[in-house]
Amino acid sequence: MRDIVPNASRVNVPLAAPSALPRISGLPDPFRFMDGTQVSGEAGWNRRREELKVLIQRYEYGWLPPAPDKVTASVNGKLLTVTIAAGVKEASFQAEVTLPAGCGEPCPAFIHTGRLDAGIFLSRGYALVEFKPGDVAADKKDVRAGAFYELYPEADAGALIAWAWGFHRVIDALEAVPQIDRNRIAVTGHSRFGKAALVSGVFDSRVAVTIPASSGLSGAANYRCFYEEGGANEKIENIYNYAPHWFTPLHGEFVGHADRLPFDQHEVMALVAPRALLITEGTEDYWTNPQGTGLSYRAAKRVYDFLGAADRIGIAYREGGHGMTTEDFTAMADFADKQFGRSEGAASGRDFDRVPYPEEPEAMNWPSV
């Protein structure tokens, strides 16, 4: 596959073959560069953030293309048509915009991929913008179809990057919807699309609140720590066998060797910092590894604490499995309200720092920074 990412984005980042990478037990230290030196201060973290962005593209998701040459949008009732130009190619997909009643001034919005209780969000004054991920990238092995692959047919980019790119292009297109405040954008998705929502928040600073729901492995759950008393947890051999098209092909070389990954998902989550991040999870959704997700959250929070942004990361557990419930949606709205300084969610008094599993300091045995 052709490499479409500028080489300048990879300066000073070793990109060894997976088999040449060292094994790391426990969660990797987010405050240590690949050359072994320690992060010092916020400027050091900013450099480490760029290093991690390169690593997760190289070894997990594939490469996000540069911004397209042009994005245009047209509105017909609720239908928003997004047209993207890259070089001589052009592709389009659509989103549906639903505005809350009485949206007299620009209102905040949730961009999502379906499976939301619209009434909860609209009653809180949020606009909803829904797009169909399959219109951006097909969710099928060996099928590179959809707007993303029409523009970048040779890209080393899996569907998770492609769907994240779809979130980004919707944000571009919302310039055509003046009723929406593009400074107050939340993105969310469930399961595989929760993974994509997380990736979209990592790579676009316009995303103010990122909410991956029940996102599991390659989302908020990590690759190294498993807890299977209640049921099996998904591992890299499961996910890569089922959906290799979500990733760069190089990710498959870590099957059976996930401890060679030079990062883990707590560091992916930390890349959103200092912008807001909420994880939602069901305690009986064992395949998504809810206890491992709690560990990832605690590890990512160490970065948020380091940046003085502890109030911008949260987690919301509920009883139950992989579906989505009113409790999930209410938590999302409450957290977004809190981040946007809106009264209803802020008044709920909900604690978004409750993890119903024991602390595991041995899994995060990093030096103080």
# chains A, B, ... in the order shown; residues from 1 in each chain; ligands from 1
$ closest_atom_pairs --of "range 152-218 of chain A" --to "range 309-313 of chain A" --cutoff "12 Å" --atoms "only C-alpha atoms" --output "CSV"
residue,atom,partner,partner_atom,distance
A:Ala208,CA,A:Arg312,CA,10.1
A:Val209,CA,A:Arg312,CA,8.7
A:Thr210,CA,A:Ile313,CA,9.6
A:Ile211,CA,A:Ile313,CA,10.0
$ select_by_dssp --residues "range 183-327 of chain A" --states "alpha helix (DSSP H)" --output "PyMOL selection string"
chain A and resi 192-203+236-242+265-270+290-306+326-327
$ write_last_selection --atoms "N, CA and C atoms" --output "short mmCIF file (atom, residue, chain, number, x, y, z; two decimals), in the first residue's frame"
data_model
loop_
_atom_site.label_atom_id
_atom_site.label_comp_id
_atom_site.auth_asym_id
_atom_site.auth_seq_id
_atom_site.Cartn_x
_atom_site.Cartn_y
_atom_site.Cartn_z
N ARG A 192 -17.65 -0.94 17.97
CA ARG A 192 -16.61 -0.61 16.97
C ARG A 192 -16.62 0.87 16.63
N PHE A 193 -17.79 1.47 16.66
CA PHE A 193 -17.86 2.90 16.35
C PHE A 193 -17.48 3.76 17.56
N GLY A 194 -17.48 3.13 18.75
CA GLY A 194 -16.87 3.79 19.90
C GLY A 194 -15.37 3.86 19.75
N LYS A 195 -14.76 2.79 19.21
CA LYS A 195 -13.33 2.83 18.91
C LYS A 195 -13.04 3.99 17.95
N ALA A 196 -13.87 4.10 16.90
CA ALA A 196 -13.67 5.15 15.90
C ALA A 196 -13.85 6.54 16.50
N ALA A 197 -14.82 6.68 17.42
CA ALA A 197 -15.01 7.97 18.07
C ALA A 197 -13.78 8.36 18.86
N LEU A 198 -13.16 7.38 19.56
CA LEU A 198 -11.93 7.67 20.29
C LEU A 198 -10.84 8.13 19.34
N VAL A 199 -10.66 7.42 18.24
CA VAL A 199 -9.62 7.80 17.28
C VAL A 199 -9.89 9.19 16.72
N SER A 200 -11.15 9.51 16.48
CA SER A 200 -11.47 10.84 15.94
C SER A 200 -11.09 11.93 16.93
N GLY A 201 -11.33 11.68 18.23
CA GLY A 201 -10.96 12.66 19.23
C GLY A 201 -9.46 12.83 19.37
N VAL A 202 -8.71 11.76 19.16
CA VAL A 202 -7.25 11.84 19.24
C VAL A 202 -6.70 12.78 18.18
N PHE A 203 -7.24 12.71 16.97
CA PHE A 203 -6.62 13.38 15.83
C PHE A 203 -7.29 14.68 15.40
N ILE A 236 -6.12 -9.73 21.15
CA ILE A 236 -5.71 -9.29 19.81
C ILE A 236 -5.93 -10.38 18.78
N GLU A 237 -5.74 -11.66 19.15
CA GLU A 237 -5.95 -12.72 18.16
C GLU A 237 -7.42 -12.82 17.76
N ASN A 238 -8.33 -12.49 18.67
CA ASN A 238 -9.75 -12.50 18.33
C ASN A 238 -10.10 -11.36 17.39
N ILE A 239 -9.71 -10.16 17.78
CA ILE A 239 -10.14 -8.98 17.02
C ILE A 239 -9.49 -8.94 15.65
N TYR A 240 -8.22 -9.33 15.57
CA TYR A 240 -7.56 -9.25 14.26
C TYR A 240 -8.07 -10.35 13.33
N ASN A 241 -8.43 -11.49 13.86
CA ASN A 241 -9.01 -12.53 13.03
C ASN A 241 -10.38 -12.13 12.51
N TYR A 242 -11.16 -11.47 13.39
CA TYR A 242 -12.51 -11.08 13.02
C TYR A 242 -12.54 -9.87 12.10
N GLN A 265 -3.65 1.17 25.20
CA GLN A 265 -4.79 2.05 24.93
C GLN A 265 -4.93 3.19 25.95
N HIS A 266 -4.35 3.06 27.13
CA HIS A 266 -4.36 4.20 28.04
C HIS A 266 -3.63 5.39 27.43
N GLU A 267 -2.61 5.11 26.61
CA GLU A 267 -1.87 6.19 25.96
C GLU A 267 -2.65 6.77 24.79
N VAL A 268 -3.41 5.93 24.11
CA VAL A 268 -4.31 6.45 23.07
C VAL A 268 -5.33 7.39 23.70
N MET A 269 -5.93 6.97 24.81
CA MET A 269 -6.89 7.82 25.51
C MET A 269 -6.24 9.12 25.97
N ALA A 270 -5.01 9.04 26.46
CA ALA A 270 -4.32 10.22 26.97
C ALA A 270 -4.03 11.24 25.87
N PRO A 290 -14.39 -4.93 30.92
CA PRO A 290 -14.69 -3.72 31.70
C PRO A 290 -13.68 -3.43 32.80
N GLN A 291 -13.10 -4.47 33.39
CA GLN A 291 -12.08 -4.20 34.42
C GLN A 291 -10.80 -3.68 33.78
N GLY A 292 -10.43 -4.23 32.64
CA GLY A 292 -9.27 -3.71 31.92
C GLY A 292 -9.47 -2.29 31.45
N THR A 293 -10.72 -1.95 31.11
CA THR A 293 -11.04 -0.58 30.73
C THR A 293 -10.84 0.36 31.92
N GLY A 294 -11.25 -0.11 33.11
CA GLY A 294 -11.03 0.69 34.30
C GLY A 294 -9.56 0.94 34.56
N LEU A 295 -8.73 -0.07 34.31
CA LEU A 295 -7.29 0.09 34.46
C LEU A 295 -6.76 1.11 33.45
N SER A 296 -7.21 1.00 32.20
CA SER A 296 -6.79 1.97 31.17
C SER A 296 -7.19 3.38 31.57
N TYR A 297 -8.40 3.52 32.10
CA TYR A 297 -8.87 4.83 32.53
C TYR A 297 -7.97 5.41 33.62
N ARG A 298 -7.67 4.60 34.64
CA ARG A 298 -6.83 5.09 35.73
C ARG A 298 -5.44 5.49 35.21
N ALA A 299 -4.93 4.72 34.25
CA ALA A 299 -3.62 5.04 33.70
C ALA A 299 -3.66 6.32 32.87
N ALA A 300 -4.70 6.48 32.06
CA ALA A 300 -4.84 7.71 31.27
C ALA A 300 -5.03 8.92 32.18
N LYS A 301 -5.72 8.71 33.28
CA LYS A 301 -5.96 9.83 34.20
C LYS A 301 -4.67 10.37 34.78
N ARG A 302 -3.64 9.52 34.87
CA ARG A 302 -2.35 10.01 35.35
C ARG A 302 -1.83 11.12 34.44
N VAL A 303 -2.08 11.00 33.15
CA VAL A 303 -1.66 12.05 32.21
C VAL A 303 -2.53 13.29 32.39
N TYR A 304 -3.82 13.08 32.52
CA TYR A 304 -4.72 14.22 32.76
C TYR A 304 -4.32 14.95 34.04
N ASP A 305 -4.00 14.20 35.09
CA ASP A 305 -3.55 14.83 36.33
C ASP A 305 -2.27 15.64 36.10
N PHE A 306 -1.35 15.06 35.36
CA PHE A 306 -0.08 15.72 35.05
C PHE A 306 -0.30 17.05 34.33
N THR A 326 -30.62 4.01 28.88
CA THR A 326 -30.89 5.39 29.30
C THR A 326 -29.80 5.89 30.24
N GLU A 327 -29.26 4.99 31.07
CA GLU A 327 -28.20 5.38 32.00
C GLU A 327 -26.95 5.85 31.24
#
$ closest_residue --among "A:Ala258, A:Asp353, A:Ala67, A:Ala159" --to "Arg144 in chain A" --atoms "only C-alpha atoms"
A:Ala159
$ residues_around --residues "Glu105 in chain A" --least-positions-apart "4" --cutoff "9 Å" --atoms "only C-alpha atoms" --output "JSON list (two decimals) with N, CA, C and O atoms, in the first residue's frame"
[["chain", "number", "residue", "atom", "x", "y", "z"],
["A", 178, "PRO", "N", -25.30, 27.04, 10.65],
["A", 178, "PRO", "CA", -24.95, 28.07, 11.64],
["A", 178, "PRO", "C", -25.64, 27.90, 12.98],
["A", 178, "PRO", "O", -25.23, 28.51, 13.97],
["A", 179, "GLN", "N", -26.66, 27.06, 13.06],
["A", 179, "GLN", "CA", -27.34, 26.83, 14.34],
["A", 179, "GLN", "C", -26.49, 25.99, 15.30],
["A", 179, "GLN", "O", -26.83, 25.86, 16.47],
["A", 180, "ILE", "N", -25.40, 25.40, 14.80],
["A", 180, "ILE", "CA", -24.55, 24.55, 15.63],
["A", 180, "ILE", "C", -23.25, 25.28, 15.97],
["A", 180, "ILE", "O", -22.61, 25.88, 15.09],
["A", 181, "ASP", "N", -22.88, 25.21, 17.24],
["A", 181, "ASP", "CA", -21.65, 25.82, 17.73],
["A", 181, "ASP", "C", -20.51, 24.83, 17.56],
["A", 181, "ASP", "O", -20.41, 23.84, 18.30]]
$ residues_around --residues "His245 in chain A" --least-positions-apart "6" --cutoff "9 Å" --atoms "only C-alpha atoms" --output "list in words"
Asp139, Lys140, Lys141, Asp142, Val143, Arg144, Ala157, Gly158, Ala159 and Leu160 of chain A
$ select_by_dssp --residues "range 67-311 of chain A" --states "strand (DSSP E)" --output "PyMOL selection string"
chain A and resi 70-76+79-86+89-98+107-112+127-131+180-190+209-213+276-282
$ closest_atom_pairs --of "range 31-94 of chain A" --to "range 214-220 of chain A" --cutoff "12 Å" --atoms "only C-alpha atoms" --output "tab-separated table"
residue	atom	partner	partner_atom	distance
A:Ile56	CA	A:Ser218	CA	10.2
A:Tyr59	CA	A:Ser218	CA	11.5
A:Glu60	CA	A:Ser218	CA	8.2
A:Tyr61	CA	A:Ser218	CA	8.8
$ atom_distance --atom1 "CA of Trp287 in chain A" --atom2 "CA of Phe352 in chain A"
22.6 Å
$ closest_residue --among "A:Ala16, A:Val272, A:Ala138, A:Val255" --to "Arg224 in chain A" --atoms "only C-alpha atoms"
A:Val255
$ residues_around --residues "Tyr152 in chain A" --least-positions-apart "3" --cutoff "10 Å" --atoms "only C-alpha atoms" --output "list of chain:residue names"
A:Arg2, A:Ile4, A:Pro65, A:Ala86, A:Lys89, A:Arg144, A:Ala147, A:Phe148, A:Tyr149, A:Ala155, A:Asp156, A:Ala157, A:Ala162
$ write_last_selection --atoms "all heavy atoms" --output "short mmCIF file (atom, residue, chain, number, x, y, z; two decimals), in the first residue's frame"
data_model
loop_
_atom_site.label_atom_id
_atom_site.label_comp_id
_atom_site.auth_asym_id
_atom_site.auth_seq_id
_atom_site.Cartn_x
_atom_site.Cartn_y
_atom_site.Cartn_z
N ARG A 2 0.45 2.27 -0.70
CA ARG A 2 1.21 3.51 -0.78
C ARG A 2 1.10 4.27 0.53
O ARG A 2 0.06 4.35 1.16
CB ARG A 2 0.65 4.38 -1.93
CG ARG A 2 1.42 5.66 -2.16
CD ARG A 2 0.94 6.30 -3.47
NE ARG A 2 -0.47 6.61 -3.42
CZ ARG A 2 -0.98 7.76 -2.96
NH1 ARG A 2 -0.17 8.69 -2.50
NH2 ARG A 2 -2.28 7.97 -2.97
N ILE A 4 0.79 7.57 2.34
CA ILE A 4 0.32 8.91 1.96
C ILE A 4 0.58 9.95 3.02
O ILE A 4 0.16 11.08 2.90
CB ILE A 4 -1.18 8.88 1.63
CG1 ILE A 4 -1.99 8.50 2.87
CG2 ILE A 4 -1.49 7.96 0.50
CD1 ILE A 4 -3.48 8.60 2.66
N PRO A 65 -4.81 10.38 6.52
CA PRO A 65 -4.34 11.26 5.45
C PRO A 65 -4.28 12.72 5.90
O PRO A 65 -4.94 13.13 6.85
CB PRO A 65 -5.40 11.09 4.35
CG PRO A 65 -6.11 9.83 4.68
CD PRO A 65 -6.06 9.70 6.17
N ALA A 86 -9.85 15.71 -2.91
CA ALA A 86 -8.45 15.44 -2.61
C ALA A 86 -7.75 15.20 -3.95
O ALA A 86 -8.01 14.19 -4.61
CB ALA A 86 -8.29 14.23 -1.70
N LYS A 89 -9.65 13.85 -7.24
CA LYS A 89 -10.77 12.98 -6.86
C LYS A 89 -11.76 13.71 -5.97
O LYS A 89 -11.41 14.65 -5.26
CB LYS A 89 -10.24 11.74 -6.13
CG LYS A 89 -9.38 10.84 -7.00
CD LYS A 89 -8.92 9.63 -6.23
CE LYS A 89 -8.09 8.71 -7.11
NZ LYS A 89 -7.60 7.52 -6.36
N ARG A 144 -12.67 -2.35 0.06
CA ARG A 144 -12.26 -0.97 0.31
C ARG A 144 -13.20 -0.06 -0.47
O ARG A 144 -12.89 0.43 -1.55
CB ARG A 144 -10.80 -0.77 -0.07
CG ARG A 144 -9.87 -1.57 0.85
CD ARG A 144 -8.44 -1.63 0.34
NE ARG A 144 -7.73 -0.37 0.42
CZ ARG A 144 -7.12 0.09 1.52
NH1 ARG A 144 -7.18 -0.59 2.66
NH2 ARG A 144 -6.47 1.23 1.50
N ALA A 147 -16.61 6.55 0.83
CA ALA A 147 -16.01 7.84 0.43
C ALA A 147 -14.52 7.89 0.73
O ALA A 147 -13.73 8.41 -0.08
CB ALA A 147 -16.74 8.98 1.13
N PHE A 148 -14.11 7.36 1.88
CA PHE A 148 -12.69 7.43 2.24
C PHE A 148 -11.84 6.69 1.22
O PHE A 148 -10.83 7.22 0.72
CB PHE A 148 -12.47 6.84 3.64
CG PHE A 148 -11.03 6.85 4.09
CD1 PHE A 148 -10.52 7.96 4.75
CD2 PHE A 148 -10.20 5.77 3.87
CE1 PHE A 148 -9.19 7.98 5.17
CE2 PHE A 148 -8.88 5.77 4.29
CZ PHE A 148 -8.38 6.88 4.94
N TYR A 149 -12.22 5.46 0.90
CA TYR A 149 -11.39 4.67 0.00
C TYR A 149 -11.56 5.08 -1.46
O TYR A 149 -10.70 4.78 -2.30
CB TYR A 149 -11.67 3.18 0.20
CG TYR A 149 -11.18 2.68 1.53
CD1 TYR A 149 -12.07 2.16 2.46
CD2 TYR A 149 -9.83 2.75 1.88
CE1 TYR A 149 -11.63 1.70 3.70
CE2 TYR A 149 -9.37 2.31 3.10
CZ TYR A 149 -10.27 1.79 4.02
OH TYR A 149 -9.83 1.34 5.24
N ALA A 155 -4.37 3.74 0.51
CA ALA A 155 -3.92 4.16 1.83
C ALA A 155 -3.70 2.99 2.77
O ALA A 155 -4.49 2.04 2.80
CB ALA A 155 -4.95 5.11 2.45
N ASP A 156 -2.62 3.05 3.54
CA ASP A 156 -2.42 2.12 4.65
C ASP A 156 -3.22 2.69 5.81
O ASP A 156 -2.69 3.36 6.70
CB ASP A 156 -0.93 2.02 4.99
CG ASP A 156 -0.68 1.12 6.20
OD1 ASP A 156 -1.64 0.55 6.74
OD2 ASP A 156 0.49 1.02 6.63
N ALA A 157 -4.51 2.44 5.79
CA ALA A 157 -5.43 2.97 6.80
C ALA A 157 -6.58 2.01 6.95
O ALA A 157 -7.27 1.69 5.97
CB ALA A 157 -5.93 4.36 6.40
N ALA A 162 -10.56 5.43 8.96
CA ALA A 162 -11.49 5.96 7.96
C ALA A 162 -12.75 6.51 8.62
O ALA A 162 -13.22 7.60 8.27
CB ALA A 162 -11.85 4.87 6.95
#
$ closest_residue --among "A:Gly256, A:Asp35, A:Ser123, A:Asp172" --to "Asp69 in chain A" --atoms "only C-alpha atoms"
A:Asp172
$ closest_residue --among "A:Ile279, A:Leu271, A:Leu55, A:Ala213" --to "Met324 in chain A" --atoms "only C-alpha atoms"
A:Ala213
$ residues_around --residues "Gly41 in chain A" --least-positions-apart "3" --cutoff "10 Å" --atoms "only C-alpha atoms" --output "list in words"
Phe31, Gln38, Gly44, Trp45, Asn46, Phe306, Leu307 and Val369 of chain A
$ write_last_selection --atoms "N, CA, C and O atoms" --output "mmCIF file, in the first residue's frame"
data_model
loop_
_atom_site.group_PDB
_atom_site.id
_atom_site.type_symbol
_atom_site.label_atom_id
_atom_site.label_comp_id
_atom_site.auth_asym_id
_atom_site.auth_seq_id
_atom_site.Cartn_x
_atom_site.Cartn_y
_atom_site.Cartn_z
ATOM 1 N N PHE A 31 5.022 8.423 30.047
ATOM 2 C CA PHE A 31 5.944 9.540 30.252
ATOM 3 C C PHE A 31 7.371 9.205 29.860
ATOM 4 O O PHE A 31 8.298 9.909 30.244
ATOM 5 N N GLN A 38 12.945 10.503 29.870
ATOM 6 C CA GLN A 38 11.733 10.794 30.608
ATOM 7 C C GLN A 38 11.112 12.109 30.144
ATOM 8 O O GLN A 38 11.819 13.069 29.828
ATOM 9 N N GLY A 44 7.453 18.687 27.216
ATOM 10 C CA GLY A 44 7.894 17.319 26.990
ATOM 11 C C GLY A 44 6.731 16.413 26.633
ATOM 12 O O GLY A 44 6.837 15.555 25.755
ATOM 13 N N TRP A 45 5.591 16.587 27.319
ATOM 14 C CA TRP A 45 4.424 15.788 26.979
ATOM 15 C C TRP A 45 3.961 16.077 25.558
ATOM 16 O O TRP A 45 3.557 15.162 24.826
ATOM 17 N N ASN A 46 4.008 17.321 25.134
ATOM 18 C CA ASN A 46 3.581 17.648 23.776
ATOM 19 C C ASN A 46 4.439 16.915 22.743
ATOM 20 O O ASN A 46 3.932 16.452 21.716
ATOM 21 N N PHE A 306 -1.350 15.060 35.363
ATOM 22 C CA PHE A 306 -0.078 15.717 35.048
ATOM 23 C C PHE A 306 -0.303 17.050 34.334
ATOM 24 O O PHE A 306 0.419 18.024 34.564
ATOM 25 N N LEU A 307 -1.341 17.093 33.483
ATOM 26 C CA LEU A 307 -1.637 18.301 32.712
ATOM 27 C C LEU A 307 -2.587 19.248 33.443
ATOM 28 O O LEU A 307 -2.990 20.271 32.881
ATOM 29 N N VAL A 369 6.529 11.883 37.864
ATOM 30 C CA VAL A 369 6.969 12.952 36.958
ATOM 31 C C VAL A 369 6.541 14.284 37.532
ATOM 32 O O VAL A 369 5.636 14.365 38.361
#
$ atom_distance --atom1 "CA of Thr288 in chain A" --atom2 "CA of Tyr317 in chain A"
12.6 Å
$ closest_residue --among "A:Ala333, A:Ala186, A:Ala316, A:Ala43" --to "Pro356 in chain A" --atoms "only C-alpha atoms"
A:Ala316
$ closest_residue --among "A:Gly125, A:Gly77, A:Gly189, A:Gly166" --to "Leu64 in chain A" --atoms "only C-alpha atoms"
A:Gly166
$ atom_distance --atom1 "CA of Gly114 in chain A" --atom2 "CA of Tyr286 in chain A"
22.7 Å
$ residues_around --residues "Phe340 in chain A" --least-positions-apart "6" --cutoff "10 Å" --atoms "only C-alpha atoms" --output "PDB file with all heavy atoms, in the first residue's frame"
ATOM      1  N   PRO A 108     -24.747  23.375  21.217  1.00  0.00           N
ATOM      2  CA  PRO A 108     -23.771  22.285  21.145  1.00  0.00           C
ATOM      3  C   PRO A 108     -24.360  21.098  20.398  1.00  0.00           C
ATOM      4  O   PRO A 108     -25.584  20.987  20.224  1.00  0.00           O
ATOM      5  CB  PRO A 108     -23.506  21.960  22.608  1.00  0.00           C
ATOM      6  CG  PRO A 108     -24.750  22.376  23.318  1.00  0.00           C
ATOM      7  CD  PRO A 108     -25.266  23.573  22.573  1.00  0.00           C
ATOM      8  N   ASN A 183     -17.549  25.050  18.366  1.00  0.00           N
ATOM      9  CA  ASN A 183     -16.641  25.026  19.502  1.00  0.00           C
ATOM     10  C   ASN A 183     -17.145  24.122  20.616  1.00  0.00           C
ATOM     11  O   ASN A 183     -16.445  23.928  21.615  1.00  0.00           O
ATOM     12  CB  ASN A 183     -16.446  26.441  20.056  1.00  0.00           C
ATOM     13  CG  ASN A 183     -15.696  27.330  19.091  1.00  0.00           C
ATOM     14  OD1 ASN A 183     -14.709  26.911  18.495  1.00  0.00           O
ATOM     15  ND2 ASN A 183     -16.173  28.547  18.915  1.00  0.00           N
ATOM     16  N   ARG A 184     -18.363  23.584  20.453  1.00  0.00           N
ATOM     17  CA  ARG A 184     -18.935  22.697  21.467  1.00  0.00           C
ATOM     18  C   ARG A 184     -19.431  21.422  20.791  1.00  0.00           C
ATOM     19  O   ARG A 184     -20.624  21.167  20.691  1.00  0.00           O
ATOM     20  CB  ARG A 184     -20.054  23.396  22.234  1.00  0.00           C
ATOM     21  CG  ARG A 184     -19.579  24.565  23.096  1.00  0.00           C
ATOM     22  CD  ARG A 184     -20.698  25.128  23.961  1.00  0.00           C
ATOM     23  NE  ARG A 184     -21.737  25.772  23.158  1.00  0.00           N
ATOM     24  CZ  ARG A 184     -22.936  26.117  23.635  1.00  0.00           C
ATOM     25  NH1 ARG A 184     -23.249  25.858  24.890  1.00  0.00           N
ATOM     26  NH2 ARG A 184     -23.808  26.711  22.844  1.00  0.00           N
ATOM     27  N   ILE A 185     -18.474  20.638  20.323  1.00  0.00           N
ATOM     28  CA  ILE A 185     -18.769  19.407  19.595  1.00  0.00           C
ATOM     29  C   ILE A 185     -18.368  18.215  20.450  1.00  0.00           C
ATOM     30  O   ILE A 185     -17.240  18.125  20.946  1.00  0.00           O
ATOM     31  CB  ILE A 185     -18.008  19.352  18.255  1.00  0.00           C
ATOM     32  CG1 ILE A 185     -18.483  20.449  17.312  1.00  0.00           C
ATOM     33  CG2 ILE A 185     -18.146  17.976  17.606  1.00  0.00           C
ATOM     34  CD1 ILE A 185     -19.900  20.289  16.824  1.00  0.00           C
ATOM     35  N   ALA A 208     -14.394  18.658  21.233  1.00  0.00           N
ATOM     36  CA  ALA A 208     -14.286  19.133  22.612  1.00  0.00           C
ATOM     37  C   ALA A 208     -14.516  18.014  23.619  1.00  0.00           C
ATOM     38  O   ALA A 208     -13.910  18.012  24.695  1.00  0.00           O
ATOM     39  CB  ALA A 208     -15.279  20.270  22.854  1.00  0.00           C
ATOM     40  N   VAL A 209     -15.405  17.067  23.304  1.00  0.00           N
ATOM     41  CA  VAL A 209     -15.730  15.965  24.212  1.00  0.00           C
ATOM     42  C   VAL A 209     -15.762  14.672  23.400  1.00  0.00           C
ATOM     43  O   VAL A 209     -16.520  14.562  22.434  1.00  0.00           O
ATOM     44  CB  VAL A 209     -17.086  16.173  24.915  1.00  0.00           C
ATOM     45  CG1 VAL A 209     -17.365  15.023  25.874  1.00  0.00           C
ATOM     46  CG2 VAL A 209     -17.128  17.505  25.663  1.00  0.00           C
ATOM     47  N   ALA A 276     -11.758  16.956  26.808  1.00  0.00           N
ATOM     48  CA  ALA A 276     -12.572  16.088  27.659  1.00  0.00           C
ATOM     49  C   ALA A 276     -12.769  14.699  27.047  1.00  0.00           C
ATOM     50  O   ALA A 276     -12.934  14.550  25.825  1.00  0.00           O
ATOM     51  CB  ALA A 276     -13.926  16.741  27.925  1.00  0.00           C
ATOM     52  N   ASP A 334     -24.896  14.411  30.897  1.00  0.00           N
ATOM     53  CA  ASP A 334     -24.430  15.059  32.117  1.00  0.00           C
ATOM     54  C   ASP A 334     -22.963  15.480  31.995  1.00  0.00           C
ATOM     55  O   ASP A 334     -22.587  16.583  32.394  1.00  0.00           O
ATOM     56  CB  ASP A 334     -24.571  14.112  33.315  1.00  0.00           C
ATOM     57  CG  ASP A 334     -26.005  13.976  33.815  1.00  0.00           C
ATOM     58  OD1 ASP A 334     -26.873  14.752  33.361  1.00  0.00           O
ATOM     59  OD2 ASP A 334     -26.250  13.096  34.653  1.00  0.00           O
ATOM     60  N   ALA A 346     -24.392  19.705  35.137  1.00  0.00           N
ATOM     61  CA  ALA A 346     -23.529  20.150  36.227  1.00  0.00           C
ATOM     62  C   ALA A 346     -24.225  20.002  37.570  1.00  0.00           C
ATOM     63  O   ALA A 346     -23.595  19.727  38.593  1.00  0.00           O
ATOM     64  CB  ALA A 346     -23.113  21.594  36.001  1.00  0.00           C
TER      65      ALA A 346
END
